[in-house]
Structure formats: structure tokens, C-alpha cells
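Trainee: So that we are looking at the same thing, I have put the structure below in C-alpha cells.
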Amino acid sequence: MSNRVRPTKRALNDLGLDFPHLTLPLDQVPHRLVQHAQRVPDEVDAGGAERIRDIDDRVWFKVKSGTSRGAAGRVKTPDEITEDQVDGLPAKAWWLVAAGSRQADTAAGDFYSRISAECRRAGAGTGRISTDVLLPTAVDYRRWIAERATLVVEALKHTVREAIARSAQCGDLHVAEARGHRIGALVQSRDGDTYLAVTAEGYVDHKILAIILSAVPNVAVDDWMAEPGPVLGIEPNQGQFVFSTMLPPAALSAILEEIDDHFL
């Protein structure tokens, strides 16, 4: 179960924000209310969270930061969402479902009063309050799924670039593991040019290969050559893909600059 608190699209809109780039997880959106919301799960576990008492069909908690106000709670992920995902989303997850500003001059203008009134209207005719209007929508789950897929892609690309950087430093083939794949890189200089060979093993389909080859900046897909035989001293094993290319100085410089802070 995730204890990170994701803002819904509605909550972001309430804060005047749009969905950021997919490489930024929504729980890391740099807004003080979103970041304050990350404390709620621990506050609940410690018994210090403040519940919103006026809406009681589900359990919701107050989020307060300065004049900003929000409502957060742990929501069951729809079965059709979890069943469709290979990796699976958590069965329940924390969400910041609405946000607004404190308006102390009038009770009717208070954020929590407005939320309560909205939920009473949503439940009109049923004799109960309904917070269904606050729940994450299909858009929120699609964003989450796309975000997870993007982060997997970026992690795989980073693994490729790290292997290249390590090989450039040691001069040998460097192999790394990434989500069930073995990714290798060998950088060698010959006659003033720099050559790169990349290997891939495991369940490697065309999509994975495309991600691996696109990880190197300033190298187009057409610049890669599939190597059926030995290259730069690498003897391809059964089930191993080997690709080679010339590595432009700008590409190697960019990779070393990116990876330098991580290990060099």
C-alpha cells in the first residue's frame, strides 16, 4: 500500500496547477499543500490527524498549510484498474482529492463548509452525504499508469547511460541489471574515433530495444548497426543482442556530465 499522497486532477486544478511532465510523480509536485499532505498517513498512524467530521460516508482528513486547505483520504483502487496492470497499482492509495483556501470571514465560504455542501448536494435524494464526487477519476488513474510507465523507461535509459559512463572510465565492458534485463556497454577509442557497443539480454522485445538505443543522446536510431558477430572484442552469446555505433564526443560528454554526480 502506498503512503505517498497523490493529488487528483481536481486538486491540482483547485491549486491552479496542471499535470506536470510524466517524469515528475504527482506526490512530488512542488506546492506546499501537496508536500504537507505527505505527512497525513503518518499523522493518521500516530493518531494526530484531524478528520473532516461533516462528511462521514468515507474517512477524510484535513490538510492545512498556511492559508491553503485540502482533503485527503485513503481510497480503494477500482478492481478494473488493478486487474489491467501487469505490475499492479496498490489496492488502496492515499489521495489529496480537493484543495482551496481558508476563508475565515464567513462560515459559508470556509473550504470545509464548501466541500460539505458539495457532498450534500451530490447525495440529494438519497438521504445521505456522498463523497463520490471527490474520488479519483479515470483521468487520475490513467495519469498514474502513464507516469509509472514513463519512470520505468527513464530508469532503463539511465541504466544504459550509466553503463556507458562506467565503461568509458574503465575501458572494459560494463554490465548492469534493469528490470530483468542485462544491459552491457563497451566504449573504445580507435584511430581518433570513439565507438560504442551495447548488449542486451533477457526478455528483450522491439520496444525494449528501441528504449535502449534511444538512451544515447545525439545518436539517431539509423546510426546503430545490429552485430551478428564479434565487435570490439564482444562475442555475442545466444539470445544476446549487440548493437554498435560511433559515439560523438558531445554524446559522451553529456553522458559523463549526467552520471558524474552518481558515482564518479
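So you can find residues: chains in the C-alpha cells are A, B, ... in the order shown, residues in each start at 1, and ligands are numbered from 1 in order.
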Excluding Arg10 in chain A and residues on its chain fewer than 2 positions from it, collect all residues at most 12 Å away from it, counting only C-alpha atoms, and give them as a PyMOL selection string.
Mentor: chain A and resi 6-8+12-19+70-71+95-100+133-140
Trainee: Keeping only N, CA and C atoms, write the selected residues to a file as a compact mmCIF listing (two decimals), in the first residue's frame.
Mentor:
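The result, stored in again.txt:
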```txt
# COMPACT_ATOMS: atom_id res chain seq x y z
N ARG A 6 -1.09 11.32 -3.54
CA ARG A 6 -1.16 11.88 -4.89
C ARG A 6 -2.31 12.88 -5.00
N PRO A 7 -2.07 14.06 -5.53
CA PRO A 7 -3.18 14.98 -5.79
C PRO A 7 -3.95 14.54 -7.04
N THR A 8 -5.25 14.62 -6.97
CA THR A 8 -6.06 14.35 -8.16
C THR A 8 -5.99 15.54 -9.11
N LEU A 12 -5.28 19.49 -8.20
CA LEU A 12 -4.30 20.34 -8.89
C LEU A 12 -4.98 21.56 -9.50
N ASN A 13 -6.13 21.35 -10.14
CA ASN A 13 -6.86 22.48 -10.72
C ASN A 13 -7.28 23.46 -9.64
N ASP A 14 -7.70 22.94 -8.49
CA ASP A 14 -8.07 23.81 -7.38
C ASP A 14 -6.91 24.70 -6.96
N LEU A 15 -5.69 24.18 -7.12
CA LEU A 15 -4.48 24.92 -6.75
C LEU A 15 -3.94 25.76 -7.89
N GLY A 16 -4.64 25.73 -9.02
CA GLY A 16 -4.19 26.49 -10.19
C GLY A 16 -3.04 25.83 -10.92
N LEU A 17 -2.93 24.49 -10.80
CA LEU A 17 -1.84 23.75 -11.41
C LEU A 17 -2.35 22.79 -12.47
N ASP A 18 -1.49 22.47 -13.43
CA ASP A 18 -1.77 21.45 -14.43
C ASP A 18 -0.95 20.21 -14.12
N PHE A 19 -1.25 19.12 -14.81
CA PHE A 19 -0.40 17.94 -14.70
C PHE A 19 1.01 18.32 -15.15
N GLY A 70 -6.98 21.43 2.27
CA GLY A 70 -7.21 20.29 1.41
C GLY A 70 -7.91 19.17 2.14
N ALA A 71 -8.36 18.19 1.37
CA ALA A 71 -8.99 16.99 1.91
C ALA A 71 -8.26 15.79 1.35
N TRP A 95 -4.87 9.85 -1.49
CA TRP A 95 -5.11 10.91 -2.47
C TRP A 95 -5.44 12.23 -1.77
N LEU A 96 -4.93 13.30 -2.32
CA LEU A 96 -5.40 14.65 -1.99
C LEU A 96 -6.49 14.95 -3.02
N VAL A 97 -7.75 14.99 -2.59
CA VAL A 97 -8.85 14.97 -3.55
C VAL A 97 -9.45 16.34 -3.84
N ALA A 98 -9.16 17.32 -3.01
CA ALA A 98 -9.69 18.67 -3.23
C ALA A 98 -8.82 19.65 -2.48
N ALA A 99 -8.82 20.89 -2.94
CA ALA A 99 -7.99 21.91 -2.29
C ALA A 99 -8.67 23.26 -2.44
N GLY A 100 -8.24 24.19 -1.62
CA GLY A 100 -8.80 25.53 -1.65
C GLY A 100 -8.09 26.42 -0.66
N VAL A 133 -18.14 12.34 -5.45
CA VAL A 133 -17.66 13.41 -6.32
C VAL A 133 -16.19 13.77 -6.05
N LEU A 134 -15.67 13.33 -4.91
CA LEU A 134 -14.29 13.63 -4.55
C LEU A 134 -13.31 12.55 -5.00
N LEU A 135 -13.82 11.39 -5.38
CA LEU A 135 -12.94 10.26 -5.66
C LEU A 135 -12.10 10.49 -6.92
N PRO A 136 -10.92 9.88 -6.98
CA PRO A 136 -10.12 9.95 -8.21
C PRO A 136 -10.92 9.42 -9.39
N THR A 137 -10.72 10.02 -10.54
CA THR A 137 -11.44 9.62 -11.75
C THR A 137 -10.53 8.81 -12.66
N ALA A 138 -11.09 8.39 -13.79
CA ALA A 138 -10.31 7.62 -14.76
C ALA A 138 -9.08 8.39 -15.22
N VAL A 139 -9.20 9.71 -15.32
CA VAL A 139 -8.05 10.54 -15.72
C VAL A 139 -6.91 10.40 -14.72
N ASP A 140 -7.24 10.36 -13.45
CA ASP A 140 -6.21 10.24 -12.41
C ASP A 140 -5.48 8.91 -12.50
```
Trainee: Counting only C-alpha atoms, what is within 6 Å of range 222-230 of chain A, bar same-chain residues fewer than 4 positions away, as a PyMOL selection string?
Mentor: chain A and resi 234-235+242-245
Trainee: What are the DSSP alpha helix (DSSP H) residues of range 21-84 of chain A, as a list in words?
Mentor: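 Filtering range 21-84 of chain A to alpha helix (DSSP H) leaves Arg32, Leu33, Val34, Gln35, His36, Ala37, Val40, Pro41, Asp42, Glu43, Val44, Asp45, Asp79, Glu80, Ile81, Thr82 and Glu83 of chain A.
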Trainee: Using only C-alpha atoms, what table do you get, as a tab-separated table, when you list each residue of range 88-153 of chain A with an atom no more than 12 Å from range 167-180 of chain A, its nearest pair of atoms, and their distance in Å rounded to one decimal, rows by chain then rising number?
Mentor:
```
residue	atom	partner	partner_atom	distance
A:Leu151	CA	A:Arg179	CA	12.0
A:Val152	CA	A:Arg179	CA	8.5
A:Val153	CA	A:Arg179	CA	10.3
```
Trainee: I need the residue nearest His181 in chain A from this list: A:Gly202, A:Leu247, A:Asp57, A:Ser68. Use only C-alpha atoms for the distance.
Mentor: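 Among A:Gly202, A:Leu247, A:Asp57, A:Ser68, it is A:Gly202 that comes nearest to His181 in chain A.
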Trainee: Can you list, as a PyMOL selection string, all residues belonging to range 31-129 of chain A that DSSP tags as strand (DSSP E or B)?
Mentor: chain A and resi 51+61-65+68-76+92-101
Trainee: Restricting it to C-alpha atoms, dump the selection as a compact mmCIF listing (two decimals), in the first residue's frame.
Mentor:
```txt
# COMPACT_ATOMS: atom_id res chain seq x y z
CA ARG A 51 -10.82 14.21 10.50
CA PHE A 61 -8.68 14.18 6.80
CA LYS A 62 -7.87 17.86 6.82
CA VAL A 63 -4.69 19.14 5.22
CA LYS A 64 -3.64 22.63 6.24
CA SER A 65 -0.64 24.68 5.19
CA SER A 68 -4.21 26.54 1.86
CA ARG A 69 -6.67 23.79 2.75
CA GLY A 70 -7.21 20.29 1.41
CA ALA A 71 -8.99 16.99 1.91
CA ALA A 72 -7.09 13.71 1.82
CA GLY A 73 -8.00 10.08 2.32
CA ARG A 74 -7.14 6.50 1.51
CA VAL A 75 -9.16 5.28 -1.45
CA LYS A 76 -9.70 1.76 -2.78
CA LYS A 92 -5.58 1.28 -1.76
CA ALA A 93 -3.81 4.59 -2.13
CA TRP A 94 -3.71 7.99 -0.49
CA TRP A 95 -5.11 10.91 -2.47
CA LEU A 96 -5.40 14.65 -1.99
CA VAL A 97 -8.85 14.97 -3.55
CA ALA A 98 -9.69 18.67 -3.23
CA ALA A 99 -7.99 21.91 -2.29
CA GLY A 100 -8.80 25.53 -1.65
CA SER A 101 -8.14 28.50 0.59
```
Trainee: Can you work out the spacing between CA of Ala117 in chain A and CA of Ile52 in chain A in Å, to one decimal?
Mentor: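 If I compute the distance from CA of Ala117 in chain A to CA of Ile52 in chain A, I get 12.7 Å.
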Trainee: So which one's closest to Gln238 in chain A, A:Glu50, A:Gln35, A:Ala200, A:Lys207? Using only C-alpha atoms, please.
Mentor: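 Using only C-alpha atoms, Gln238 in chain A sits closest to A:Ala200.
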Trainee: Grab the CA of Tyr141 in chain A to CA of Val204 in chain A distance for me, in Å with one decimal place.
Mentor: 27.3 Å
Trainee: Using only C-alpha atoms, find the one residue out of A:Ala197, A:Gln38, A:Glu147, A:Ala124 that sits nearest to Val160 in chain A.
Mentor: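 When distances to Val160 in chain A are compared using only C-alpha atoms, the smallest one comes from A:Ala197.
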Trainee: Between CA of Asp54 in chain A and CA of Thr77 in chain A, measure the distance and give it in Å to one decimal.
Mentor: 23.8 Å
Trainee: Restricting the calculation to only C-alpha atoms, which member of A:Leu213, A:Pro248, A:Arg32, A:Ala91 is positioned closest to Thr67 in chain A?
Mentor: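 Closest to Thr67 in chain A of all the choices is A:Arg32.
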Trainee: Show me, as a VMD selection string, the residues that have an atom within 12 Å of Thr23 in chain A when counting only C-alpha atoms, minus same-chain residues fewer than 3 positions from it.
Mentor: chain A and resid 19 to 20 26 to 29 143 to 155
Trainee: Choose the residue, out of A:Arg182, A:Arg53, A:His206, A:His21, that has the smallest atom-to-atom separation from Tyr112 in chain A; count only C-alpha atoms.
Mentor: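 Closest residue, counting only C-alpha atoms: A:Arg53.
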Trainee: So that I can see what lies close to Thr131 in chain A, please list as a ChimeraX atom specification the residues with an atom at most 10 Å from it, counting only C-alpha atoms and leaving out residues fewer than 4 positions away in the same chain.
Mentor: /A:55-60,115-116,118-123,135
